[in-house]
>>> print(open('structure.txt').read())   # compact mmCIF, C-alpha atoms
# COMPACT_ATOMS: atom_id res chain seq x y z
CA MET E 1 -28.64 7.85 -7.53
CA VAL E 2 -26.64 10.36 -9.58
CA SER E 3 -25.53 9.24 -13.04
CA LEU E 4 -21.94 9.26 -14.26
CA GLN E 5 -21.43 12.13 -16.74
CA SER E 6 -19.48 10.35 -19.48
CA THR E 7 -18.96 13.60 -21.39
CA GLY E 8 -17.41 15.42 -18.44
CA ARG E 9 -13.89 16.65 -19.13
CA PHE E 10 -12.61 16.49 -15.56
CA LEU E 11 -12.33 14.05 -12.65
CA ILE E 12 -12.33 14.67 -8.90
CA GLY E 13 -10.39 12.51 -6.45
CA LEU E 14 -10.80 12.34 -2.66
CA ASP E 15 -8.35 10.59 -0.33
CA ILE E 16 -9.64 9.97 3.21
CA GLY E 17 -7.05 9.09 5.84
CA GLY E 18 -6.99 9.02 9.60
CA THR E 19 -4.92 12.22 9.80
CA LYS E 20 -5.29 13.89 6.39
CA LEU E 21 -7.96 14.64 3.81
CA ALA E 22 -6.99 15.38 0.21
CA ALA E 23 -8.95 16.56 -2.82
CA VAL E 24 -7.66 16.87 -6.37
CA VAL E 25 -9.07 17.79 -9.75
CA ALA E 26 -7.53 16.19 -12.84
CA ASP E 27 -8.12 15.82 -16.53
CA ARG E 28 -8.96 12.48 -18.11
CA ASP E 29 -5.27 11.63 -18.61
CA GLY E 30 -4.64 11.86 -14.87
CA THR E 31 -2.84 15.20 -14.93
CA ILE E 32 -3.45 16.85 -11.55
CA LEU E 33 -4.62 20.43 -12.06
CA GLN E 34 -5.21 21.54 -8.46
CA LYS E 35 -5.14 19.95 -5.02
CA ALA E 36 -6.10 20.77 -1.44
CA ARG E 37 -5.18 19.28 1.94
CA ARG E 38 -6.81 19.49 5.37
CA PRO E 39 -6.36 17.62 8.64
CA THR E 40 -9.01 14.94 9.11
CA GLU E 41 -9.72 15.72 12.76
CA ALA E 42 -11.46 12.37 12.98
CA ALA E 43 -13.02 13.16 16.36
CA ARG E 44 -15.40 15.60 14.60
CA GLY E 45 -17.35 12.65 13.28
CA PRO E 46 -18.26 11.52 9.75
CA ARG E 47 -20.87 14.18 8.92
CA LEU E 48 -18.50 17.10 9.47
CA ILE E 49 -15.67 15.32 7.69
CA VAL E 50 -17.84 14.74 4.61
CA GLU E 51 -18.87 18.41 4.73
CA SER E 52 -15.17 19.32 4.67
CA LEU E 53 -14.63 17.04 1.69
CA CYS E 54 -17.45 18.74 -0.21
CA GLU E 55 -15.97 22.16 0.58
CA MET E 56 -12.60 20.93 -0.71
CA VAL E 57 -14.20 19.71 -3.96
CA ARG E 58 -15.63 23.16 -4.56
CA GLU E 59 -12.29 24.72 -3.61
CA VAL E 60 -10.14 22.74 -6.04
CA ALA E 61 -12.69 23.08 -8.82
CA GLY E 62 -12.70 26.84 -8.34
CA LEU E 63 -8.89 27.02 -8.32
CA ALA E 64 -8.81 25.08 -11.60
CA SER E 65 -11.64 27.15 -13.12
CA VAL E 66 -13.69 23.96 -13.50
CA ARG E 67 -17.48 24.01 -13.16
CA LEU E 68 -18.96 21.09 -11.25
CA THR E 69 -21.17 20.39 -14.28
CA GLU E 70 -17.94 19.62 -16.19
CA VAL E 71 -16.93 16.89 -13.71
CA ALA E 72 -17.62 13.34 -14.91
CA GLY E 73 -17.45 11.77 -11.45
CA ILE E 74 -15.74 11.59 -8.06
CA GLY E 75 -13.39 8.79 -7.00
CA VAL E 76 -12.84 8.12 -3.31
CA SER E 77 -9.94 6.22 -1.77
CA CYS E 78 -10.70 5.27 1.84
CA GLY E 79 -9.61 2.69 4.38
CA GLY E 80 -11.93 -0.30 4.62
CA PRO E 81 -13.86 -2.35 5.30
CA LEU E 82 -16.42 -0.96 2.87
CA ASP E 83 -18.94 -1.99 0.24
CA THR E 84 -18.01 -0.72 -3.22
CA ALA E 85 -21.50 -1.31 -4.66
CA THR E 86 -23.33 0.81 -2.07
CA GLY E 87 -20.46 3.08 -1.04
CA ILE E 88 -21.07 2.33 2.65
CA VAL E 89 -18.02 2.43 4.93
CA TYR E 90 -17.89 0.03 7.90
CA SER E 91 -15.68 0.88 10.92
CA PRO E 92 -12.20 1.63 9.48
CA PRO E 93 -9.64 1.43 12.33
CA ASN E 94 -8.39 4.97 11.68
CA LEU E 95 -11.85 6.59 11.44
CA PRO E 96 -13.67 6.16 14.77
CA GLY E 97 -17.44 6.48 14.52
CA TRP E 98 -17.60 5.49 10.83
CA ASP E 99 -19.92 2.54 11.35
CA GLY E 100 -22.19 1.98 8.36
CA ILE E 101 -21.63 5.48 6.92
CA PRO E 102 -23.28 5.99 3.47
CA LEU E 103 -20.34 7.93 2.08
CA LYS E 104 -21.33 7.63 -1.59
CA ALA E 105 -24.89 8.81 -0.92
CA TRP E 106 -23.79 11.78 1.21
CA LEU E 107 -21.33 13.00 -1.42
CA GLU E 108 -23.84 12.63 -4.25
CA GLU E 109 -26.60 14.42 -2.32
CA SER E 110 -24.32 17.37 -1.59
CA LEU E 111 -22.49 17.71 -4.92
CA ASN E 112 -24.90 16.13 -7.44
CA ILE E 113 -21.98 14.23 -8.99
CA ALA E 114 -21.68 10.43 -9.19
CA ALA E 115 -19.23 9.10 -6.58
CA PHE E 116 -17.35 5.79 -6.49
CA VAL E 117 -15.80 4.47 -3.27
CA GLU E 118 -12.87 2.03 -3.18
CA ASN E 119 -10.63 0.79 -0.38
CA ASP E 120 -7.26 2.50 -0.42
CA ALA E 121 -5.13 -0.55 -1.29
CA ASN E 122 -7.30 -1.37 -4.33
CA ALA E 123 -7.30 2.28 -5.35
CA GLU E 124 -3.50 2.40 -5.22
CA ALA E 125 -3.35 -0.82 -7.24
CA LEU E 126 -5.51 0.82 -9.91
CA ALA E 127 -3.27 3.90 -9.88
CA GLU E 128 -0.07 1.91 -10.39
CA TRP E 129 -1.80 -0.10 -13.13
CA LEU E 130 -3.20 2.89 -15.01
CA PHE E 131 -0.46 5.47 -14.40
CA GLY E 132 2.59 3.80 -12.83
CA ALA E 133 4.75 0.68 -12.90
CA GLY E 134 1.87 -1.60 -13.93
CA ARG E 135 1.00 0.09 -17.23
CA GLY E 136 0.71 -2.39 -20.09
CA TYR E 137 0.19 -5.49 -17.92
CA ARG E 138 -2.97 -7.57 -17.49
CA ASN E 139 -2.05 -9.53 -14.35
CA VAL E 140 -0.66 -7.35 -11.57
CA VAL E 141 -0.18 -7.80 -7.83
CA TYR E 142 0.28 -4.52 -5.96
CA MET E 143 1.54 -4.52 -2.37
CA THR E 144 1.93 -1.79 0.20
CA MET E 145 4.81 -2.39 2.61
CA SER E 146 4.75 0.19 5.37
CA THR E 147 2.92 0.28 8.71
CA GLY E 148 1.04 -2.75 7.43
CA ILE E 149 1.12 -4.92 4.32
CA GLY E 150 -1.91 -4.69 2.08
CA GLY E 151 -2.54 -5.18 -1.58
CA GLY E 152 -4.68 -5.11 -4.65
CA LEU E 153 -5.08 -7.57 -7.52
CA ILE E 154 -5.52 -6.79 -11.21
CA LEU E 155 -6.40 -10.10 -12.83
CA ASP E 156 -7.02 -10.48 -16.57
CA GLY E 157 -7.25 -6.71 -16.93
CA ARG E 158 -9.77 -6.12 -14.12
CA LEU E 159 -9.59 -5.22 -10.45
CA TYR E 160 -10.46 -8.35 -8.49
CA ARG E 161 -12.34 -7.56 -5.27
CA GLY E 162 -13.54 -11.01 -4.21
CA THR E 163 -16.96 -11.99 -2.88
CA CYS E 164 -17.23 -9.27 -0.22
CA ASP E 165 -14.60 -6.70 -1.25
CA ALA E 166 -11.93 -8.47 0.83
CA ALA E 167 -9.58 -9.82 -1.85
CA GLY E 168 -5.97 -8.68 -1.85
CA GLU E 169 -5.21 -9.11 1.87
CA VAL E 170 -1.74 -10.34 0.98
CA GLY E 171 -0.29 -9.29 4.32
CA HIS E 172 -2.18 -12.02 6.13
CA ILE E 173 -0.64 -15.06 4.49
CA THR E 174 0.54 -17.16 7.45
CA LEU E 175 4.25 -17.95 7.22
CA VAL E 176 5.25 -18.89 10.78
CA PRO E 177 2.74 -20.88 12.85
CA ASN E 178 2.69 -19.46 16.39
CA GLY E 179 4.90 -16.59 15.17
CA PRO E 180 4.60 -12.93 16.18
CA ARG E 181 1.04 -11.74 16.75
CA CYS E 182 -0.39 -9.64 13.93
CA GLY E 183 -2.78 -6.74 14.26
CA CYS E 184 -5.44 -8.94 12.63
CA GLY E 185 -5.32 -11.27 15.64
CA LYS E 186 -3.54 -14.16 13.89
CA ARG E 187 0.09 -15.14 14.42
CA GLY E 188 2.96 -15.34 11.96
CA CYS E 189 1.39 -13.28 9.16
CA LEU E 190 3.59 -11.73 6.48
CA GLU E 191 2.61 -8.35 7.95
CA ALA E 192 3.74 -9.40 11.43
CA LEU E 193 7.15 -10.30 9.99
CA CYS E 194 7.88 -7.77 7.24
CA SER E 195 5.95 -4.54 7.90
CA GLY E 196 7.88 -1.46 9.02
CA PRO E 197 7.06 -1.95 12.72
CA ALA E 198 7.90 -5.67 12.47
CA ILE E 199 11.31 -4.93 10.94
CA ALA E 200 12.06 -2.42 13.71
CA ARG E 201 10.84 -4.80 16.42
CA ARG E 202 13.07 -7.63 15.20
CA ALA E 203 16.08 -5.30 15.11
CA ARG E 204 15.47 -4.17 18.69
CA GLU E 205 15.11 -7.77 19.82
CA LEU E 206 18.39 -8.78 18.21
CA ILE E 207 20.26 -5.83 19.66
CA THR E 208 19.20 -6.77 23.17
CA GLU E 209 20.21 -10.42 22.68
CA THR E 210 23.73 -11.75 23.12
CA VAL E 211 25.25 -11.54 19.65
CA PRO E 212 28.34 -13.66 18.82
CA GLY E 213 30.57 -10.95 17.41
CA SER E 214 29.66 -9.88 13.91
CA ARG E 215 28.92 -13.36 12.52
CA PHE E 216 25.29 -14.17 11.82
CA GLN E 217 23.62 -17.04 10.07
CA VAL E 218 19.93 -17.07 9.31
CA PRO E 219 18.56 -20.65 9.34
CA GLY E 220 18.65 -22.12 5.84
CA GLN E 221 21.14 -19.68 4.32
CA GLN E 222 24.66 -20.50 3.18
CA ALA E 223 27.36 -19.82 5.75
CA ASP E 224 29.54 -17.88 3.33
CA ARG E 225 27.14 -14.98 2.61
CA PRO E 226 29.58 -12.05 3.16
CA ASP E 227 26.87 -9.40 3.00
CA VAL E 228 25.20 -10.93 6.05
CA GLN E 229 28.27 -11.80 8.09
CA THR E 230 30.48 -8.73 7.92
CA GLY E 231 30.15 -5.25 9.22
CA ARG E 232 30.18 -3.34 12.46
CA PRO E 233 27.42 -4.46 14.86
CA ASP E 234 24.90 -2.12 16.47
CA LEU E 235 25.41 0.95 14.29
CA MET E 236 21.60 1.17 14.45
CA VAL E 237 21.84 2.30 18.07
CA ASP E 238 24.15 5.15 17.06
CA LEU E 239 21.82 6.19 14.24
CA ALA E 240 18.93 6.25 16.75
CA ASP E 241 20.93 8.56 19.08
CA GLY E 242 21.52 5.77 21.55
CA ASP E 243 17.83 4.97 22.03
CA VAL E 244 17.06 1.38 21.02
CA ASN E 245 13.32 2.11 21.18
CA ALA E 246 13.73 4.84 18.52
CA ILE E 247 14.94 2.37 15.88
CA THR E 248 12.67 2.26 12.82
CA ALA E 249 12.70 0.26 9.59
CA GLU E 250 14.44 3.22 7.95
CA THR E 251 17.16 3.05 10.65
CA VAL E 252 17.64 -0.63 9.84
CA MET E 253 18.03 0.03 6.10
CA ASN E 254 20.45 2.93 6.64
CA ALA E 255 22.59 0.85 9.00
CA ALA E 256 22.56 -2.12 6.62
CA ARG E 257 23.91 0.06 3.81
CA ARG E 258 26.82 0.95 6.09
CA GLY E 259 27.59 -2.66 6.95
CA ASP E 260 25.97 -3.07 10.36
CA ALA E 261 25.84 -6.82 10.97
CA THR E 262 22.61 -6.87 12.98
CA ALA E 263 20.84 -4.71 10.42
CA LEU E 264 22.06 -6.95 7.59
CA ARG E 265 20.64 -9.96 9.40
CA VAL E 266 17.24 -8.27 9.75
CA VAL E 267 17.28 -7.30 6.06
CA ASP E 268 18.15 -10.86 5.10
CA GLU E 269 15.38 -12.35 7.26
CA THR E 270 12.90 -9.83 5.86
CA ALA E 271 13.87 -10.73 2.30
CA ARG E 272 13.50 -14.44 3.06
CA TYR E 273 10.00 -14.02 4.52
CA MET E 274 8.93 -11.68 1.70
CA ALA E 275 10.10 -14.26 -0.84
CA GLN E 276 7.99 -16.93 0.88
CA GLY E 277 4.91 -14.72 0.73
CA LEU E 278 5.54 -13.67 -2.86
CA GLY E 279 6.16 -17.27 -3.86
CA THR E 280 2.72 -18.23 -2.59
CA LEU E 281 1.12 -15.41 -4.59
CA ILE E 282 3.05 -16.30 -7.73
CA ASN E 283 2.16 -19.99 -7.50
CA VAL E 284 -1.54 -19.22 -7.05
CA LEU E 285 -2.01 -16.19 -9.34
CA ASN E 286 0.81 -16.42 -11.92
CA PRO E 287 1.09 -12.61 -12.30
CA GLU E 288 3.27 -10.82 -14.82
CA ILE E 289 4.46 -8.25 -12.31
CA ILE E 290 4.45 -7.64 -8.55
CA ILE E 291 4.71 -3.98 -7.56
CA ILE E 292 5.78 -3.19 -3.99
CA GLY E 293 5.52 0.28 -2.45
CA THR E 294 7.01 2.37 0.37
CA ILE E 295 9.79 0.42 2.13
CA ILE E 296 10.88 -1.33 -1.08
CA VAL E 297 10.96 1.99 -2.95
CA LYS E 298 13.32 3.47 -0.36
CA ALA E 299 15.42 0.35 0.17
CA GLY E 300 15.81 -0.52 -3.53
CA ASP E 301 18.20 -3.37 -4.33
CA LEU E 302 19.19 -3.70 -0.67
CA LEU E 303 15.93 -5.65 -0.25
CA LEU E 304 14.96 -6.44 -3.84
CA SER E 305 18.13 -8.37 -4.71
CA PRO E 306 17.91 -10.89 -1.83
CA ILE E 307 14.13 -11.18 -2.30
CA ARG E 308 14.69 -12.18 -5.93
CA GLU E 309 17.39 -14.66 -4.94
CA TYR E 310 15.30 -16.33 -2.23
CA LEU E 311 12.28 -16.35 -4.56
CA LYS E 312 14.03 -18.91 -6.76
CA GLN E 313 13.51 -21.41 -3.94
CA GLU E 314 9.82 -20.56 -3.50
CA THR E 315 8.33 -20.97 -6.97
CA TRP E 316 8.76 -22.97 -10.14
CA ASP E 317 11.46 -21.83 -12.52
CA ARG E 318 9.00 -21.16 -15.36
CA LEU E 319 6.91 -18.88 -13.14
CA TYR E 320 10.01 -17.17 -11.71
CA ARG E 321 11.23 -16.33 -15.20
CA THR E 322 7.91 -14.77 -16.23
CA VAL E 323 7.31 -12.44 -13.26
CA GLN E 324 8.95 -9.12 -12.45
CA ILE E 325 9.35 -7.84 -8.86
CA VAL E 326 9.63 -4.05 -9.01
CA PRO E 327 9.28 -0.98 -6.77
CA ALA E 328 6.17 1.17 -7.12
CA GLY E 329 6.51 3.98 -9.61
CA LEU E 330 4.22 6.78 -8.41
CA GLY E 331 5.90 7.74 -5.15
CA ASP E 332 4.10 10.42 -3.14
CA ALA E 333 1.63 10.98 -6.01
CA VAL E 334 -0.01 7.60 -5.47
CA GLY E 335 -2.65 8.92 -3.03
CA ASP E 336 -3.86 11.59 -5.44
CA LEU E 337 -3.81 9.32 -8.46
CA ALA E 338 -5.44 6.45 -6.56
CA ALA E 339 -8.63 8.44 -6.13
CA ILE E 340 -8.51 9.60 -9.75
CA ALA E 341 -7.97 5.99 -10.90
CA VAL E 342 -11.13 4.92 -9.08
CA VAL E 343 -13.36 7.24 -11.07
CA ARG E 344 -11.49 6.72 -14.33
CA GLN E 345 -11.95 2.96 -14.20
CA ALA E 346 -15.66 3.46 -13.49
CA LEU E 347 -15.89 5.90 -16.39
CA GLU E 348 -14.02 3.80 -18.92
CA GLY E 349 -15.20 0.35 -17.82
CA TYR E 350 -11.91 -1.15 -16.64
CA VAL E 351 -13.71 -3.00 -13.87
CA LYS E 352 -16.69 -5.27 -14.44
CA ARG E 353 -19.12 -5.10 -11.54
>>> encode(input="structure.txt", output="structure tokens")
Amino acid sequence: MVSLQSTGRFLIGLDIGGTKLAAVVADRDGTILQKARRPTEAARGPRLIVESLCEMVREVAGLASVRLTEVAGIGVSCGGPLDTATGIVYSPPNLPGWDGIPLKAWLEESLNIAAFVENDANAEALAEWLFGAGRGYRNVVYMTMSTGIGGGLILDGRLYRGTCDAAGEVGHITLVPNGPRCGCGKRGCLEALCSGPAIARRARELITETVPGSRFQVPGQQADRPDVQTGRPDLMVDLADGDVNAITAETVMNAARRGDATALRVVDETARYMAQGLGTLINVLNPEIIIIGTIIVKAGDLLLSPIREYLKQETWDRLYRTVQIVPAGLGDAVGDLAAIAVVRQALEGYVKR
């Protein structure tokens, strides 16, 4: 095993995705000095992909005029499941053939630099905590809200992984028994109701139903909510060039901003379900801040305002008053900084193993 070089001035970050590989070199403060991108070409298999990653490390180090002996360590952000202690990756859905791959060992053998492997949601949670919207807090829930809903937990100033590196699966809180089937195999998960594909699916379903004019009422909401009941129906179809199947979550948000009644109903339902899921997390974990990425960042108050309103019904007043619900702060830089955050927390002891 290669030792962490605590005196090294620089950090390397690797981000492994199903379609893209990224490598960055940064200083200890997280300032990105150089970066490189390549397609993953997952069909090549894990050995060739790791060889590409090692080439990219040497490339970015050379571009930044950094010697590998000056690098303290390498942080890796990768889809799970994986074992953070051994650095072995087990069958990520977007990396076919990665079954029991000793990623940490392969990187260390090739580069002679200590490597630390973390699942991507936890890595992004660390990044937002160290560099983004979570700076200064000790109890943080981070959530991704895009193709799926994942998350990471910073509890009492440490990343909490759970017994087998599976903590933070916030998207699989069951909200609707016998609800829509989730990719995990269960029904009615938060992810099956509020992810990007779920939002788009619900919009398409509503458009193809018989809609009574422009008046909608979600069960449990007050009948005089003007933001939900007014507006021109089915603008989403126009924005999707007449193709209902081309409607995405972004289409829904754009139509809602312009007053489309069906889109406003979907936004309202999404906010209600998100508030139920967040309420469960708040009641169990009592965090100071919940940071939500991707869809929330783009939608802003269109989603955040009704989420906050519905949340009042889902948690105790004292807990509601002590938690903030905010959009993620790092934007497109989160992938690069996630990998850097992994090695920085190993270097500086943010996480107790």
>>> closest_atom_pairs(input="structure.txt", of="segment 92-134 of chain E", to="segment 4-17 of chain E", cutoff="9 Å", atoms="all atoms listed in the file", output="JSON lines")
{"residue": "E:Asn94", "atom": "CA", "partner": "E:Gly17", "partner_atom": "CA", "distance": 7.3}
{"residue": "E:Leu95", "atom": "CA", "partner": "E:Gly17", "partner_atom": "CA", "distance": 7.8}
{"residue": "E:Ile113", "atom": "CA", "partner": "E:Leu4", "partner_atom": "CA", "distance": 7.2}
{"residue": "E:Ala114", "atom": "CA", "partner": "E:Leu4", "partner_atom": "CA", "distance": 5.2}
{"residue": "E:Ala115", "atom": "CA", "partner": "E:Leu4", "partner_atom": "CA", "distance": 8.1}
{"residue": "E:Asp120", "atom": "CA", "partner": "E:Asp15", "partner_atom": "CA", "distance": 8.2}
>>> atom_distance(input="structure.txt", atom1="atom CA of Ala203 of chain E", atom2="atom CA of Ile247 of chain E")
7.8 Å
>>> residues_around(input="structure.txt", residues="Ile32 of chain E", least_positions_apart="2", cutoff="12 Å", atoms="all atoms listed in the file", output="CSV table (one decimal) with C-alpha atoms, in the frame of the given file")
chain,number,residue,atom,x,y,z
E,10,PHE,CA,-12.6,16.5,-15.6
E,11,LEU,CA,-12.3,14.0,-12.6
E,12,ILE,CA,-12.3,14.7,-8.9
E,13,GLY,CA,-10.4,12.5,-6.4
E,23,ALA,CA,-9.0,16.6,-2.8
E,24,VAL,CA,-7.7,16.9,-6.4
E,25,VAL,CA,-9.1,17.8,-9.8
E,26,ALA,CA,-7.5,16.2,-12.8
E,27,ASP,CA,-8.1,15.8,-16.5
E,28,ARG,CA,-9.0,12.5,-18.1
E,29,ASP,CA,-5.3,11.6,-18.6
E,30,GLY,CA,-4.6,11.9,-14.9
E,34,GLN,CA,-5.2,21.5,-8.5
E,35,LYS,CA,-5.1,20.0,-5.0
E,36,ALA,CA,-6.1,20.8,-1.4
E,60,VAL,CA,-10.1,22.7,-6.0
E,61,ALA,CA,-12.7,23.1,-8.8
E,63,LEU,CA,-8.9,27.0,-8.3
E,64,ALA,CA,-8.8,25.1,-11.6
E,333,ALA,CA,1.6,11.0,-6.0
E,334,VAL,CA,0.0,7.6,-5.5
E,335,GLY,CA,-2.6,8.9,-3.0
E,336,ASP,CA,-3.9,11.6,-5.4
E,337,LEU,CA,-3.8,9.3,-8.5
E,338,ALA,CA,-5.4,6.4,-6.6
E,339,ALA,CA,-8.6,8.4,-6.1
E,340,ILE,CA,-8.5,9.6,-9.8
E,341,ALA,CA,-8.0,6.0,-10.9
>>> residues_around(input="structure.txt", residues="Val170 of chain E", least_positions_apart="2", cutoff="12 Å", atoms="all atoms listed in the file", output="ChimeraX atom specification")
/E:121-122,141-145,148-153,166-168,172-175,189-192,194-195,274,276-282,284-285,290,292
>>> atom_distance(input="structure.txt", atom1="atom CA of Arg344 of chain E", atom2="atom CA of Gly171 of chain E")
27.0 Å
>>> atom_distance(input="structure.txt", atom1="atom CA of Gly331 of chain E", atom2="atom CA of Gly134 of chain E")
13.4 Å
>>> closest_residue(input="structure.txt", among="E:Ile49, E:Ala271, E:Leu126, E:Leu107", to="Gly87 of chain E", atoms="all atoms listed in the file")
E:Leu107
>>> closest_residue(input="structure.txt", among="E:Val76, E:Val244, E:Cys54, E:Ile325", to="Ala346 of chain E", atoms="all atoms listed in the file")
E:Val76
>>> residues_near_point(input="structure.txt", point="(13.1, -6.4, 13.8)", cutoff="10 Å", atoms="only C-alpha atoms", output="VMD selection string")
chain E and resid 193 to 207 247 to 249 252 262 to 263 265 to 267 269 to 270
>>> axis_aligned_box(input="structure.txt", around="segment 5-20 of chain E", padding_each_side="4 Å", output="lines of an AutoDock Vina configuration file")
center_x = -13.2
center_y = 12.8
center_z = -5.8
size_x = 24.5
size_y = 15.6
size_z = 39.2
